Structures are given as C-alpha cells and as structure tokens.
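Trainee: Take this structure first; my questions come after.
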Amino acid sequence: LLPTAAAAATTTTRYQSGKTASSSGKKYTTTSSSTKSSSTFAFWKNVGNAQNCAMMRRRLSSTLVSSSSSSLRGVSSSSLRRTEAMMDASDAASSGDFEAALDPVYKNIFYDVPVSNNGARNRLIIYWKNIEDEFEFKNPSTVGGLKSPEFLEMHPQGKMPLLVTKDGQAIPESEVISQYLCDAFVNEGPSLRPETLEAKTASNLATRWHDVYLTPIQGCMYRGPMAPEVRAEQIGEIDRLLNVLEKTVSGFEPGPYLCGDEPCTADAALFPTFVFMTHLLPKYFGWENVFDGRPSLERWYKHMCTKDECAKKVKMEVMGGLMAWDESDRYEKNGLVAAVANDSFQWSY
C-alpha cells in the first residue's frame, strides 16, 4: 500500500527559485507535480515497516536530545518537529491506518500572488523568521480563483492572502495572519513585537493607519475605470496619510526600523505598500519625492531597501508584478493615464 510513481499528477503553484529567475526574484510558476511527492514516497519506502520506524524514531530522539551539538547547526527546530510528525504518521501506517497515513500533511498552505502588498507583509515575516520550509505558496487560481466555491469556503470575503494551517484551520486577513505567525513561531527568528509600551503603541497605531485608511484607497494608484474626481481625492488623501505616518514613527530615531532597532509587524505591514507608492506615484502621478518632508519614513525605507535582505527580497517580488503591469499597458487601458492628463485636478504632491 505504498505510494507509487503512477500517482495521478496535479498542477500546483509554488515559489520557485534559481539563477533563471527574473528581476522579480522568486516568483510563482506553475509546475506539474505528483499528488504523492517524491520526498513523501522516499519517506514511506524507508519507514513502511515497524522495525525501520522504531529505528528512525530512536535516531530522531537522539538528535533532539543533542540538539545543541555542532552537528545540528543550521537545522531548525521546526524541521525536526516536521520529521517527528512524519514519524507519527508512519506509526499510523504500521498500525493499519493506511489511508490517513499515506499522505501526511506537514506544510501550511499560503494562498497569494507576488504583487499583493497585503500578502507580501506575511511573506516578509516568514522570511525574517526563516520558516519558508514550513509553507507551500499557492496562487488562488489553483483552487478556481478568489470567487470559486472552494476558496470562498475558506475565505468568505474572497480575498488574498489566506493561510491554511497544517491542521486545516483557514486564517484570512493579513494582519491576523501576521499575528498568528508571530505566535505559532515564537521561538523562530525575531519576535517582531516591540519591547516597550511606547514602541508597541506606535507599531499598532501605524498598522491601524495603514490597514483602515490607506489600503482601502490604494487602488486609486492602479485601478480603473474610476471617476477622476474620486481618484484625485484619494491621491490627496494618501499624501495626508503619509504625514500622519511620519508623525507616528518620528520619535524612534535613529531606528533603523519604524519603532526602534529591531523589525516589528508594522514594518512588515507598511513596507510592501511603500514599494507600490514609490513606484506608482512618481511614474504616473508626477510626484518628485514620496518622502519630501518625511525624514523618518525616508530613513526607514532606505534601510529596508538596502540593508535588510528579507525586505529586499520582498521588494523584488512586488516589483516584478508592478513592472509586469507597466509592460501590459494596464494604465492606458483602464483610463488612469487619460484621467491624470486632466490638469484641472491635483495629482502631484
């Protein structure tokens, strides 16, 4: 009853990396893969009987006991836990519960696309915590799209991102996912939660300004059709909100992060949206400098783009999507370019 190479093939969307990747860095690509992965097949081939299972469990226990040894440097505790979970599944197989054990689920599934700024905040946390091997990244199209019955069953609002945990819990909403990641992987990487009350308050407030007031209107930078007066009003509101954010984080110099010397969830929330603004506002709306009169935000964004490797990776992912939009003539087709040509409205700040 072991999985075989003849298992039916399905199409999944995963992050792929490598030297052939475009300037956007890692990207979603559609690949054909077996429903029983080769790693799963190899695992069951080795532990498909009780004797081998017991031997491997003894080795795992010995490894866990000596986890501070030099031989385990670079091996994350999450990887060891995953191996132990697979051993538990093998116990089920040896005891006769074959159907449940043959396809052990040991990864969280993250539904998203690279250009999504809300999904990018979660990916940034995943990168900071170095827990990528705990996740499989999928495009919602693999389950029929955002409005498909299958996706709506998991996320009733039909939006991205969406996290489905190993135990089958569906978690929508990017900030909820961020907090889940910080709790579920509290022992991995930075805590991403400020230590002082002042910094915690600023982090929560900056995130609130962003989520409640900025992201609902960010579409004015790239969507259409839209009435020009509505678009112009929302572009002006973005300028005002940037001043609000500057005031919120200005007391934490020299940073380099928004609320002190360590990254927090607010950095993750705001950064991908700033990638949008620093690309779209100068290119299509004539802004000379998004950070004019906002030195704290400018210092922070420069650090994220040049010094923080995980943030640089996220920027490349998001920019890959934005550049694809540029090349598709999206803004000419949806009326944005024509609207901004109307100089009876203010577009540049």
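Letters A, B, ... mark the chains of the structure tokens in the order given; residue numbers begin at 1 per chain; ligand numbers begin at 1, in order shown.
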Residues near Gly158 of chain A, anyone? I mean within 7 Å using only C-alpha atoms, not counting same-chain ones fewer than 6 positions away, as a PyMOL selection string.
Mentor: chain A and resi 146-147+151-152
Trainee: Take the residues from that selection and write them out as a PDB file, in the first residue's frame, keeping N, CA and C atoms.
Mentor:
ATOM      1  N   LEU A 146     -10.354  33.428  -6.606  1.00  0.00           N
ATOM      2  CA  LEU A 146     -10.832  34.020  -5.356  1.00  0.00           C
ATOM      3  C   LEU A 146     -12.329  33.836  -5.131  1.00  0.00           C
ATOM      4  N   LYS A 147     -13.092  33.769  -6.191  1.00  0.00           N
ATOM      5  CA  LYS A 147     -14.545  33.681  -6.048  1.00  0.00           C
ATOM      6  C   LYS A 147     -15.081  32.262  -6.273  1.00  0.00           C
ATOM      7  N   PHE A 151     -12.598  28.330  -2.657  1.00  0.00           N
ATOM      8  CA  PHE A 151     -11.880  29.391  -1.958  1.00  0.00           C
ATOM      9  C   PHE A 151     -12.799  30.135  -0.992  1.00  0.00           C
ATOM     10  N   LEU A 152     -14.037  30.415  -1.419  1.00  0.00           N
ATOM     11  CA  LEU A 152     -14.978  31.130  -0.558  1.00  0.00           C
ATOM     12  C   LEU A 152     -15.331  30.324   0.690  1.00  0.00           C
TER      13      LEU A 152
END
Trainee: May I have the residues within 8 Å of segment 233-245 of chain A as a list in words, using only C-alpha atoms and disregarding those fewer than 4 positions away in the same chain?
Mentor: Ala206, Trp209, Tyr213, Leu214, Ile217, Gln218, Cys220, Met221, Glu229, Val249, Arg294, Leu297, Gln346, Trp347 and Tyr349 of chain A
Trainee: Quick one: residues within 6 Å of segment 267-281 of chain A, only C-alpha atoms counted, chain neighbours fewer than 3 positions away excluded, as number ranges by chain?
Mentor: A: 117, 121, 264, 284-285, 287
Trainee: Please measure the separation of atom CA of Glu195 of chain A and atom CA of Lys302 of chain A, giving the value in Å to one decimal.
Mentor: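 Separation of atom CA of Glu195 of chain A and atom CA of Lys302 of chain A: 23.7 Å.
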Trainee: Among segment 278-331 of chain A, which ones does DSSP assign to helix (DSSP H, G or I) (computed from the backbone)? Answer as a PyMOL selection string.
Mentor: chain A and resi 278-285+295-306+309-327+330-331
Trainee: From the set A:Glu132, A:Glu262, A:Glu253, A:Glu173, which residue has the shortest atom-to-atom contact distance to Phe185 of chain A, counting only C-alpha atoms?
Mentor: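 Result for the nearest residue to Phe185 of chain A: A:Glu132.
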Trainee: Considering only C-alpha atoms, state which residue in the set A:Glu136, A:Val230, A:Leu124, A:Lys129 is at the smallest distance from Ile109 of chain A.
Mentor: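 Ranking A:Glu136, A:Val230, A:Leu124, A:Lys129 by distance to Ile109 of chain A, first place goes to A:Glu136.
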Trainee: I'd like the contact shell of Trp128 of chain A - 8 Å cut-off, only C-alpha atoms, skipping same-chain residues fewer than 5 positions apart - returned as a PyMOL selection string.
Mentor: chain A and resi 189-190+310
Trainee: With C-alpha atoms retained, write the just-selected residues as a PDB file, in the first residue's frame.
Mentor:
ATOM      1  CA  GLY A 189      13.765  34.311  14.399  1.00  0.00           C
ATOM      2  CA  PRO A 190      12.961  37.782  15.768  1.00  0.00           C
ATOM      3  CA  CYS A 310      14.458  39.894   3.604  1.00  0.00           C
TER       4      CYS A 310
END
Trainee: Point out the residue among A:Thr165, A:Ser148, A:Thr201, A:Asn130 with the least atom-to-atom distance to Lys107 of chain A, counting only C-alpha atoms.
Mentor: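 Looking at the shortest contact to Lys107 of chain A, the residue is A:Thr165.
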Trainee: Which value, in Å to one decimal, gives the distance between atom CA of Asn204 of chain A and atom CA of Leu322 of chain A?
Mentor: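 Computing the Euclidean distance for atom CA of Asn204 of chain A and atom CA of Leu322 of chain A yields 27.8 Å.
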